[in-house]
Structures are given as C-alpha cells and as structure tokens.
$ cat input_6.txt   # compact mmCIF, N, CA and C atoms
# COMPACT_ATOMS: atom_id res chain seq x y z
N GLN M 908 -13.59 12.80 9.97
CA GLN M 908 -12.41 11.95 10.07
C GLN M 908 -12.35 11.05 8.84
N VAL M 909 -11.18 10.97 8.24
CA VAL M 909 -10.99 10.14 7.06
C VAL M 909 -10.78 8.69 7.48
N GLN M 910 -11.40 7.78 6.76
CA GLN M 910 -11.16 6.36 6.98
C GLN M 910 -10.53 5.75 5.74
N LEU M 911 -9.53 4.94 5.96
CA LEU M 911 -8.89 4.18 4.90
C LEU M 911 -9.07 2.70 5.23
N VAL M 912 -9.64 1.95 4.31
CA VAL M 912 -9.93 0.55 4.56
C VAL M 912 -9.19 -0.31 3.55
N GLU M 913 -8.24 -1.10 4.06
CA GLU M 913 -7.47 -1.98 3.19
C GLU M 913 -8.17 -3.33 3.04
N SER M 914 -7.92 -3.97 1.93
CA SER M 914 -8.41 -5.33 1.71
C SER M 914 -7.50 -6.00 0.70
N GLY M 915 -7.65 -7.32 0.59
CA GLY M 915 -6.90 -8.07 -0.42
C GLY M 915 -5.73 -8.86 0.10
N GLY M 916 -5.43 -8.75 1.38
CA GLY M 916 -4.33 -9.53 1.93
C GLY M 916 -4.70 -11.00 2.04
N GLY M 917 -3.70 -11.81 2.36
CA GLY M 917 -3.94 -13.23 2.51
C GLY M 917 -2.66 -14.03 2.44
N LEU M 918 -2.82 -15.32 2.26
CA LEU M 918 -1.69 -16.25 2.15
C LEU M 918 -1.44 -16.56 0.68
N VAL M 919 -0.20 -16.45 0.28
CA VAL M 919 0.16 -16.73 -1.10
C VAL M 919 1.51 -17.45 -1.12
N GLN M 920 1.69 -18.30 -2.13
CA GLN M 920 2.96 -19.01 -2.25
C GLN M 920 4.04 -18.11 -2.83
N PRO M 921 5.29 -18.39 -2.54
CA PRO M 921 6.38 -17.62 -3.16
C PRO M 921 6.25 -17.63 -4.68
N GLY M 922 6.47 -16.46 -5.27
CA GLY M 922 6.32 -16.32 -6.71
C GLY M 922 4.92 -15.92 -7.13
N GLY M 923 3.99 -15.93 -6.20
CA GLY M 923 2.61 -15.59 -6.51
C GLY M 923 2.36 -14.10 -6.51
N SER M 924 1.09 -13.75 -6.69
CA SER M 924 0.68 -12.34 -6.78
C SER M 924 -0.52 -12.07 -5.88
N LEU M 925 -0.61 -10.82 -5.45
CA LEU M 925 -1.77 -10.34 -4.71
C LEU M 925 -2.01 -8.89 -5.11
N ARG M 926 -3.26 -8.46 -5.01
CA ARG M 926 -3.56 -7.05 -5.20
C ARG M 926 -4.26 -6.52 -3.95
N LEU M 927 -3.66 -5.53 -3.35
CA LEU M 927 -4.25 -4.87 -2.20
C LEU M 927 -5.04 -3.65 -2.65
N SER M 928 -6.12 -3.38 -1.95
CA SER M 928 -6.93 -2.20 -2.22
C SER M 928 -7.03 -1.35 -0.97
N CYS M 929 -7.12 -0.05 -1.17
CA CYS M 929 -7.30 0.89 -0.08
C CYS M 929 -8.42 1.84 -0.49
N ALA M 930 -9.56 1.70 0.17
CA ALA M 930 -10.71 2.54 -0.14
C ALA M 930 -10.79 3.69 0.86
N ALA M 931 -10.85 4.91 0.35
CA ALA M 931 -10.92 6.10 1.20
C ALA M 931 -12.37 6.56 1.35
N SER M 932 -12.64 7.18 2.51
CA SER M 932 -14.01 7.62 2.80
C SER M 932 -14.33 8.98 2.20
N ARG M 933 -13.33 9.58 1.54
CA ARG M 933 -13.60 10.82 0.84
C ARG M 933 -12.77 10.85 -0.44
N SER M 934 -13.00 11.82 -1.26
CA SER M 934 -12.32 11.89 -2.54
C SER M 934 -10.80 11.90 -2.36
N ILE M 935 -10.14 11.03 -3.12
CA ILE M 935 -8.67 10.98 -3.01
C ILE M 935 -8.01 12.16 -3.71
N PHE M 936 -8.81 12.97 -4.41
CA PHE M 936 -8.27 14.22 -4.97
C PHE M 936 -7.77 15.14 -3.87
N SER M 937 -8.31 14.95 -2.65
CA SER M 937 -7.95 15.84 -1.54
C SER M 937 -6.60 15.51 -0.93
N PHE M 938 -6.03 14.38 -1.31
CA PHE M 938 -4.76 13.97 -0.72
C PHE M 938 -3.59 14.36 -1.61
N LEU M 939 -2.52 14.82 -0.97
CA LEU M 939 -1.32 15.19 -1.71
C LEU M 939 -0.62 13.95 -2.24
N VAL M 940 -0.64 12.93 -1.44
CA VAL M 940 -0.01 11.67 -1.83
C VAL M 940 -0.66 10.53 -1.05
N MET M 941 -0.73 9.37 -1.69
CA MET M 941 -1.18 8.16 -1.01
C MET M 941 -0.12 7.09 -1.21
N GLY M 942 -0.06 6.18 -0.24
CA GLY M 942 0.99 5.18 -0.35
C GLY M 942 0.72 3.95 0.49
N TRP M 943 1.68 3.05 0.42
CA TRP M 943 1.64 1.81 1.18
C TRP M 943 2.92 1.66 1.98
N TYR M 944 2.76 1.20 3.19
CA TYR M 944 3.86 0.88 4.08
C TYR M 944 3.63 -0.55 4.59
N ARG M 945 4.68 -1.13 5.15
CA ARG M 945 4.53 -2.46 5.73
C ARG M 945 5.33 -2.57 7.01
N GLN M 946 4.92 -3.52 7.85
CA GLN M 946 5.58 -3.68 9.14
C GLN M 946 5.55 -5.14 9.55
N THR M 947 6.68 -5.60 10.08
CA THR M 947 6.78 -6.93 10.65
C THR M 947 7.06 -6.78 12.14
N PRO M 948 6.74 -7.81 12.93
CA PRO M 948 6.91 -7.71 14.39
C PRO M 948 8.33 -7.32 14.77
N GLY M 949 8.44 -6.35 15.64
CA GLY M 949 9.73 -5.92 16.15
C GLY M 949 10.49 -4.97 15.25
N LYS M 950 9.89 -4.62 14.11
CA LYS M 950 10.57 -3.72 13.18
C LYS M 950 9.74 -2.46 12.96
N GLN M 951 10.42 -1.43 12.49
CA GLN M 951 9.71 -0.19 12.19
C GLN M 951 8.91 -0.33 10.90
N ARG M 952 7.87 0.44 10.82
CA ARG M 952 7.09 0.47 9.60
C ARG M 952 7.97 1.04 8.48
N GLU M 953 7.93 0.40 7.32
CA GLU M 953 8.78 0.85 6.23
C GLU M 953 7.97 1.19 5.00
N PHE M 954 8.49 2.14 4.24
CA PHE M 954 7.87 2.60 3.02
C PHE M 954 7.91 1.50 1.95
N VAL M 955 6.80 1.38 1.22
CA VAL M 955 6.75 0.43 0.11
C VAL M 955 6.58 1.15 -1.23
N ALA M 956 5.55 1.97 -1.33
CA ALA M 956 5.27 2.65 -2.60
C ALA M 956 4.38 3.85 -2.34
N SER M 957 4.43 4.82 -3.26
CA SER M 957 3.57 5.99 -3.14
C SER M 957 3.16 6.48 -4.51
N ILE M 958 2.01 7.16 -4.52
CA ILE M 958 1.50 7.76 -5.75
C ILE M 958 0.98 9.15 -5.40
N PRO M 959 1.58 10.19 -5.99
CA PRO M 959 1.19 11.54 -5.64
C PRO M 959 -0.06 11.99 -6.40
N LYS M 960 -0.58 13.14 -5.99
CA LYS M 960 -1.71 13.72 -6.70
C LYS M 960 -1.32 14.00 -8.14
N SER M 961 -0.11 14.48 -8.31
CA SER M 961 0.45 14.63 -9.65
C SER M 961 1.93 14.33 -9.56
N GLY M 962 2.47 13.72 -10.59
CA GLY M 962 3.88 13.38 -10.56
C GLY M 962 4.10 11.89 -10.63
N SER M 963 5.32 11.49 -10.33
CA SER M 963 5.72 10.10 -10.51
C SER M 963 5.52 9.27 -9.26
N THR M 964 5.29 8.00 -9.47
CA THR M 964 5.22 7.06 -8.37
C THR M 964 6.63 6.78 -7.84
N ALA M 965 6.68 6.23 -6.64
CA ALA M 965 7.97 5.89 -6.03
C ALA M 965 7.84 4.54 -5.35
N PHE M 966 8.97 3.82 -5.32
CA PHE M 966 8.99 2.47 -4.75
C PHE M 966 10.25 2.27 -3.92
N ALA M 967 10.11 1.44 -2.91
CA ALA M 967 11.29 0.99 -2.18
C ALA M 967 12.13 0.11 -3.10
N ASP M 968 13.42 0.14 -2.92
CA ASP M 968 14.30 -0.67 -3.77
C ASP M 968 13.95 -2.16 -3.71
N SER M 969 13.51 -2.59 -2.55
CA SER M 969 13.23 -4.02 -2.36
C SER M 969 12.02 -4.52 -3.16
N VAL M 970 11.18 -3.60 -3.63
CA VAL M 970 9.98 -4.02 -4.36
C VAL M 970 9.93 -3.49 -5.79
N LYS M 971 10.89 -2.64 -6.12
CA LYS M 971 10.92 -2.06 -7.46
C LYS M 971 10.96 -3.18 -8.48
N ASP M 972 10.23 -3.02 -9.56
CA ASP M 972 10.16 -4.01 -10.65
C ASP M 972 9.28 -5.21 -10.32
N ARG M 973 8.76 -5.28 -9.09
CA ARG M 973 7.84 -6.37 -8.73
C ARG M 973 6.45 -5.85 -8.35
N PHE M 974 6.41 -4.64 -7.77
CA PHE M 974 5.16 -4.07 -7.31
C PHE M 974 4.77 -2.89 -8.20
N ALA M 975 3.47 -2.64 -8.26
CA ALA M 975 2.96 -1.48 -8.98
C ALA M 975 1.89 -0.82 -8.12
N ILE M 976 1.80 0.50 -8.20
CA ILE M 976 0.78 1.24 -7.46
C ILE M 976 -0.05 2.03 -8.46
N SER M 977 -1.36 2.06 -8.21
CA SER M 977 -2.24 2.80 -9.11
C SER M 977 -3.43 3.30 -8.30
N LYS M 978 -4.23 4.15 -8.93
CA LYS M 978 -5.41 4.67 -8.24
C LYS M 978 -6.57 4.80 -9.20
N ASP M 979 -7.76 4.69 -8.64
CA ASP M 979 -8.99 4.89 -9.39
C ASP M 979 -9.73 6.03 -8.70
N ASN M 980 -9.65 7.22 -9.28
CA ASN M 980 -10.24 8.39 -8.64
C ASN M 980 -11.75 8.25 -8.49
N ALA M 981 -12.38 7.61 -9.44
CA ALA M 981 -13.84 7.47 -9.39
C ALA M 981 -14.28 6.58 -8.22
N LYS M 982 -13.43 5.64 -7.86
CA LYS M 982 -13.74 4.73 -6.75
C LYS M 982 -13.07 5.13 -5.45
N ASN M 983 -12.32 6.23 -5.48
CA ASN M 983 -11.58 6.68 -4.29
C ASN M 983 -10.72 5.55 -3.71
N THR M 984 -10.05 4.84 -4.57
CA THR M 984 -9.31 3.65 -4.18
C THR M 984 -7.91 3.65 -4.76
N VAL M 985 -6.97 3.23 -3.96
CA VAL M 985 -5.58 3.04 -4.38
C VAL M 985 -5.27 1.55 -4.30
N TYR M 986 -4.50 1.08 -5.27
CA TYR M 986 -4.18 -0.34 -5.35
C TYR M 986 -2.67 -0.56 -5.25
N LEU M 987 -2.31 -1.72 -4.72
CA LEU M 987 -0.92 -2.15 -4.75
C LEU M 987 -0.91 -3.54 -5.36
N GLU M 988 -0.38 -3.62 -6.56
CA GLU M 988 -0.25 -4.90 -7.25
C GLU M 988 1.11 -5.47 -6.90
N MET M 989 1.10 -6.66 -6.30
CA MET M 989 2.34 -7.28 -5.85
C MET M 989 2.57 -8.57 -6.62
N ASN M 990 3.70 -8.63 -7.31
CA ASN M 990 4.04 -9.79 -8.14
C ASN M 990 5.35 -10.40 -7.67
N ARG M 991 5.56 -11.64 -8.06
CA ARG M 991 6.80 -12.38 -7.71
C ARG M 991 7.09 -12.22 -6.23
N LEU M 992 6.10 -12.50 -5.43
CA LEU M 992 6.22 -12.30 -3.99
C LEU M 992 7.24 -13.24 -3.39
N LYS M 993 7.92 -12.73 -2.36
CA LYS M 993 8.96 -13.46 -1.66
C LYS M 993 8.56 -13.62 -0.19
N PRO M 994 9.11 -14.61 0.49
CA PRO M 994 8.79 -14.76 1.91
C PRO M 994 9.06 -13.50 2.73
N ASN M 995 10.11 -12.75 2.36
CA ASN M 995 10.38 -11.54 3.15
C ASN M 995 9.47 -10.37 2.80
N ASP M 996 8.50 -10.58 1.93
CA ASP M 996 7.44 -9.60 1.74
C ASP M 996 6.33 -9.77 2.77
N THR M 997 6.41 -10.83 3.55
CA THR M 997 5.42 -11.07 4.60
C THR M 997 5.42 -9.93 5.60
N ALA M 998 4.25 -9.34 5.82
CA ALA M 998 4.12 -8.19 6.71
C ALA M 998 2.65 -7.79 6.79
N VAL M 999 2.37 -6.88 7.69
CA VAL M 999 1.09 -6.18 7.66
C VAL M 999 1.29 -4.95 6.79
N TYR M 1000 0.42 -4.79 5.81
CA TYR M 1000 0.52 -3.68 4.87
C TYR M 1000 -0.51 -2.62 5.24
N TYR M 1001 -0.02 -1.38 5.32
CA TYR M 1001 -0.86 -0.26 5.72
C TYR M 1001 -0.98 0.76 4.59
N CYS M 1002 -2.18 1.25 4.41
CA CYS M 1002 -2.42 2.35 3.48
C CYS M 1002 -2.21 3.67 4.21
N ASN M 1003 -1.68 4.64 3.50
CA ASN M 1003 -1.37 5.94 4.07
C ASN M 1003 -1.86 7.04 3.13
N ALA M 1004 -2.37 8.12 3.70
CA ALA M 1004 -2.80 9.27 2.90
C ALA M 1004 -2.33 10.54 3.59
N VAL M 1005 -1.79 11.45 2.82
CA VAL M 1005 -1.30 12.72 3.34
C VAL M 1005 -2.09 13.86 2.73
N ALA M 1006 -2.64 14.69 3.62
CA ALA M 1006 -3.31 15.91 3.19
C ALA M 1006 -2.60 17.09 3.86
N LEU M 1007 -2.97 18.29 3.52
CA LEU M 1007 -2.36 19.46 4.16
C LEU M 1007 -2.63 19.41 5.66
N GLY M 1008 -1.57 19.27 6.43
CA GLY M 1008 -1.70 19.29 7.88
C GLY M 1008 -2.22 18.03 8.52
N ALA M 1009 -2.33 16.95 7.75
CA ALA M 1009 -2.87 15.72 8.33
C ALA M 1009 -2.32 14.50 7.61
N MET M 1010 -2.26 13.40 8.35
CA MET M 1010 -1.85 12.12 7.80
C MET M 1010 -2.79 11.06 8.34
N TYR M 1011 -3.15 10.11 7.49
CA TYR M 1011 -4.11 9.09 7.87
C TYR M 1011 -3.54 7.72 7.57
N TRP M 1012 -3.96 6.74 8.40
CA TRP M 1012 -3.54 5.35 8.23
C TRP M 1012 -4.75 4.44 8.24
N GLY M 1013 -4.65 3.36 7.49
CA GLY M 1013 -5.64 2.31 7.57
C GLY M 1013 -5.30 1.37 8.71
N GLN M 1014 -6.13 0.35 8.86
CA GLN M 1014 -5.96 -0.59 9.97
C GLN M 1014 -4.97 -1.71 9.62
N GLY M 1015 -4.62 -1.83 8.37
CA GLY M 1015 -3.64 -2.83 7.94
C GLY M 1015 -4.29 -4.12 7.45
N THR M 1016 -3.58 -4.78 6.55
CA THR M 1016 -4.01 -6.09 6.05
C THR M 1016 -2.79 -7.01 6.00
N GLN M 1017 -2.96 -8.22 6.48
CA GLN M 1017 -1.84 -9.15 6.58
C GLN M 1017 -1.58 -9.82 5.24
N VAL M 1018 -0.32 -9.82 4.86
CA VAL M 1018 0.15 -10.56 3.69
C VAL M 1018 1.17 -11.58 4.16
N THR M 1019 0.92 -12.84 3.87
CA THR M 1019 1.84 -13.90 4.25
C THR M 1019 2.27 -14.67 3.01
N VAL M 1020 3.57 -14.71 2.79
CA VAL M 1020 4.13 -15.42 1.63
C VAL M 1020 4.85 -16.65 2.16
N SER M 1021 4.26 -17.81 1.89
CA SER M 1021 4.81 -19.05 2.44
C SER M 1021 4.33 -20.23 1.62
N SER M 1022 5.17 -21.23 1.55
CA SER M 1022 4.78 -22.47 0.86
C SER M 1022 4.20 -23.46 1.85
$ encode --input "input_6.txt" --output "structure tokens"
Amino acid sequence: QVQLVESGGGLVQPGGSLRLSCAASRSIFSFLVMGWYRQTPGKQREFVASIPKSGSTAFADSVKDRFAISKDNAKNTVYLEMNRLKPNDTAVYYCNAVALGAMYWGQGTQVTVSS
C-alpha cells in the first residue's frame, strides 16, 4: 500500500508564503501524475495543481501565478510552493498520486491564512 505524507501546513498571514511537501513511500517514477487538492468544510475537494511523469504542470485558475509545483525524484517528494497567500486559500491540502489502476491520497495538512 502506498503512503503519502504531507507536511508544511500552518498559520500564515495574508501575503505570506508556505511550502507543502508530500513524501511518498515508493518511487514517484511509478506514478502517472501527482498533485495537490484542497477542501474546506461543506465543500467538495478541488484541484489545485498537478505535475505529470512527463509533460507540463497544471494549475487551478485561482492559484495560477501564485503557486508552483515541483518534485524531487531522489527524495520521492512533491512540493507545493504557495506565495501571496489569501484568506480564501485556507483549506486542508491533500496530496494525490495516480498510478495505473489506482489512486492514492494523503491524510491532509491544514493551511490557515489569517491575520
């Protein structure tokens, strides 16, 4: 069973930055795509960003030009760099990995943007 462990969440002021990490329990070469989603109470989980095994990254319109996604294959880790954070970025952020015939989720990390 694959485990994805997120870290890096916390409380940050509006305009601040955070970097989330997602460490996988196996080589991320095995995943077709990895990404980040977020969810607030009472709402559906929404797409934030993704990075494929090969090809271009993708971002939700709401975070484009503020967030960046990257990966370190040697560390089996995917990162989400979040800049110019806004209060409506507050959510639980989940790491996601897609392999042939399977999808995996992390346990989530809370990000709170507030003054």
$ residues_around --input "input_6.txt" --residues "Val912 in chain M" --least-positions-apart "4" --cutoff "6.5 Å" --atoms "only N, CA and C atoms" --output "PDB file with N, CA and C atoms, keeping the file's coordinate frame"
ATOM      1  N   SER M 928      -6.120  -3.380  -1.950  1.00  0.00           N
ATOM      2  CA  SER M 928      -6.930  -2.200  -2.220  1.00  0.00           C
ATOM      3  C   SER M 928      -7.030  -1.350  -0.970  1.00  0.00           C
ATOM      4  N   CYS M 929      -7.120  -0.050  -1.170  1.00  0.00           N
ATOM      5  CA  CYS M 929      -7.300   0.890  -0.080  1.00  0.00           C
ATOM      6  C   CYS M 929      -8.420   1.840  -0.490  1.00  0.00           C
ATOM      7  N   ALA M 930      -9.560   1.700   0.170  1.00  0.00           N
ATOM      8  CA  ALA M 930     -10.710   2.540  -0.140  1.00  0.00           C
ATOM      9  C   ALA M 930     -10.790   3.690   0.860  1.00  0.00           C
ATOM     10  N   ALA M 931     -10.850   4.910   0.350  1.00  0.00           N
ATOM     11  CA  ALA M 931     -10.920   6.100   1.200  1.00  0.00           C
ATOM     12  C   ALA M 931     -12.370   6.560   1.350  1.00  0.00           C
ATOM     13  N   SER M 932     -12.640   7.180   2.510  1.00  0.00           N
ATOM     14  CA  SER M 932     -14.010   7.620   2.800  1.00  0.00           C
ATOM     15  C   SER M 932     -14.330   8.980   2.200  1.00  0.00           C
ATOM     16  N   GLY M1013      -4.650   3.360   7.490  1.00  0.00           N
ATOM     17  CA  GLY M1013      -5.640   2.310   7.570  1.00  0.00           C
ATOM     18  C   GLY M1013      -5.300   1.370   8.710  1.00  0.00           C
ATOM     19  N   GLN M1014      -6.130   0.350   8.860  1.00  0.00           N
ATOM     20  CA  GLN M1014      -5.960  -0.590   9.970  1.00  0.00           C
ATOM     21  C   GLN M1014      -4.970  -1.710   9.620  1.00  0.00           C
TER      22      GLN M1014
END
$ closest_residue --input "input_6.txt" --among "M:Ile976, M:Val1018, M:Ala967, M:Val999" --to "Gly942 in chain M" --atoms "only C-alpha atoms"
M:Ile976
$ closest_residue --input "input_6.txt" --among "M:Gly922, M:Ser937, M:Arg952, M:Ala975" --to "Leu992 in chain M" --atoms "all atoms listed in the file"
M:Gly922
$ residues_around --input "input_6.txt" --residues "range 955-965 of chain M" --least-positions-apart "4" --cutoff "8 Å" --atoms "only C-alpha atoms" --output "PyMOL selection string"
chain M and resi 936+938-945+970+975-978
$ write_last_selection --input "input_6.txt" --atoms "N, CA and C atoms" --output "mmCIF file, keeping the file's coordinate frame"
data_model
loop_
_atom_site.group_PDB
_atom_site.id
_atom_site.type_symbol
_atom_site.label_atom_id
_atom_site.label_comp_id
_atom_site.auth_asym_id
_atom_site.auth_seq_id
_atom_site.Cartn_x
_atom_site.Cartn_y
_atom_site.Cartn_z
ATOM 1 N N PHE M 936 -8.810 12.970 -4.410
ATOM 2 C CA PHE M 936 -8.270 14.220 -4.970
ATOM 3 C C PHE M 936 -7.770 15.140 -3.870
ATOM 4 N N PHE M 938 -6.030 14.380 -1.310
ATOM 5 C CA PHE M 938 -4.760 13.970 -0.720
ATOM 6 C C PHE M 938 -3.590 14.360 -1.610
ATOM 7 N N LEU M 939 -2.520 14.820 -0.970
ATOM 8 C CA LEU M 939 -1.320 15.190 -1.710
ATOM 9 C C LEU M 939 -0.620 13.950 -2.240
ATOM 10 N N VAL M 940 -0.640 12.930 -1.440
ATOM 11 C CA VAL M 940 -0.010 11.670 -1.830
ATOM 12 C C VAL M 940 -0.660 10.530 -1.050
ATOM 13 N N MET M 941 -0.730 9.370 -1.690
ATOM 14 C CA MET M 941 -1.180 8.160 -1.010
ATOM 15 C C MET M 941 -0.120 7.090 -1.210
ATOM 16 N N GLY M 942 -0.060 6.180 -0.240
ATOM 17 C CA GLY M 942 0.990 5.180 -0.350
ATOM 18 C C GLY M 942 0.720 3.950 0.490
ATOM 19 N N TRP M 943 1.680 3.050 0.420
ATOM 20 C CA TRP M 943 1.640 1.810 1.180
ATOM 21 C C TRP M 943 2.920 1.660 1.980
ATOM 22 N N TYR M 944 2.760 1.200 3.190
ATOM 23 C CA TYR M 944 3.860 0.880 4.080
ATOM 24 C C TYR M 944 3.630 -0.550 4.590
ATOM 25 N N ARG M 945 4.680 -1.130 5.150
ATOM 26 C CA ARG M 945 4.530 -2.460 5.730
ATOM 27 C C ARG M 945 5.330 -2.570 7.010
ATOM 28 N N VAL M 970 11.180 -3.600 -3.630
ATOM 29 C CA VAL M 970 9.980 -4.020 -4.360
ATOM 30 C C VAL M 970 9.930 -3.490 -5.790
ATOM 31 N N ALA M 975 3.470 -2.640 -8.260
ATOM 32 C CA ALA M 975 2.960 -1.480 -8.980
ATOM 33 C C ALA M 975 1.890 -0.820 -8.120
ATOM 34 N N ILE M 976 1.800 0.500 -8.200
ATOM 35 C CA ILE M 976 0.780 1.240 -7.460
ATOM 36 C C ILE M 976 -0.050 2.030 -8.460
ATOM 37 N N SER M 977 -1.360 2.060 -8.210
ATOM 38 C CA SER M 977 -2.240 2.800 -9.110
ATOM 39 C C SER M 977 -3.430 3.300 -8.300
ATOM 40 N N LYS M 978 -4.230 4.150 -8.930
ATOM 41 C CA LYS M 978 -5.410 4.670 -8.240
ATOM 42 C C LYS M 978 -6.570 4.800 -9.200
#
$ closest_residue --input "input_6.txt" --among "M:Gly916, M:Gly949, M:Gly923, M:Pro994" --to "Val1020 in chain M" --atoms "only N, CA and C atoms"
M:Pro994
$ atom_distance --input "input_6.txt" --atom1 "atom C of Lys993 in chain M" --atom2 "CA of Ser969 in chain M"
10.9 Å
$ select_by_dssp --input "input_6.txt" --residues "chain M" --states "helix (DSSP H, G or I)" --output "list in words"
Ile935, Phe936, Ser937, Asn980, Ala981, Lys982, Pro994, Asn995 and Asp996 of chain M
$ closest_residue --input "input_6.txt" --among "M:Arg933, M:Ser924, M:Gly915, M:Val909" --to "Lys982 in chain M" --atoms "only C-alpha atoms"
M:Arg933
$ atom_distance --input "input_6.txt" --atom1 "atom C of Lys950 in chain M" --atom2 "atom N of Gln908 in chain M"
28.0 Å
$ residues_near_point --input "input_6.txt" --point "(-4.0, 14.9, 9.9)" --cutoff "12 Å" --atoms "only C-alpha atoms" --output "ChimeraX atom specification"
/M:908-910,938-939,1003-1012
$ atom_distance --input "input_6.txt" --atom1 "atom C of Gln946 in chain M" --atom2 "atom N of Leu927 in chain M"
15.9 Å
$ closest_residue --input "input_6.txt" --among "M:Asn995, M:Gln1017, M:Ser1022, M:Asn983" --to "Gln920 in chain M" --atoms "only N, CA and C atoms"
M:Ser1022
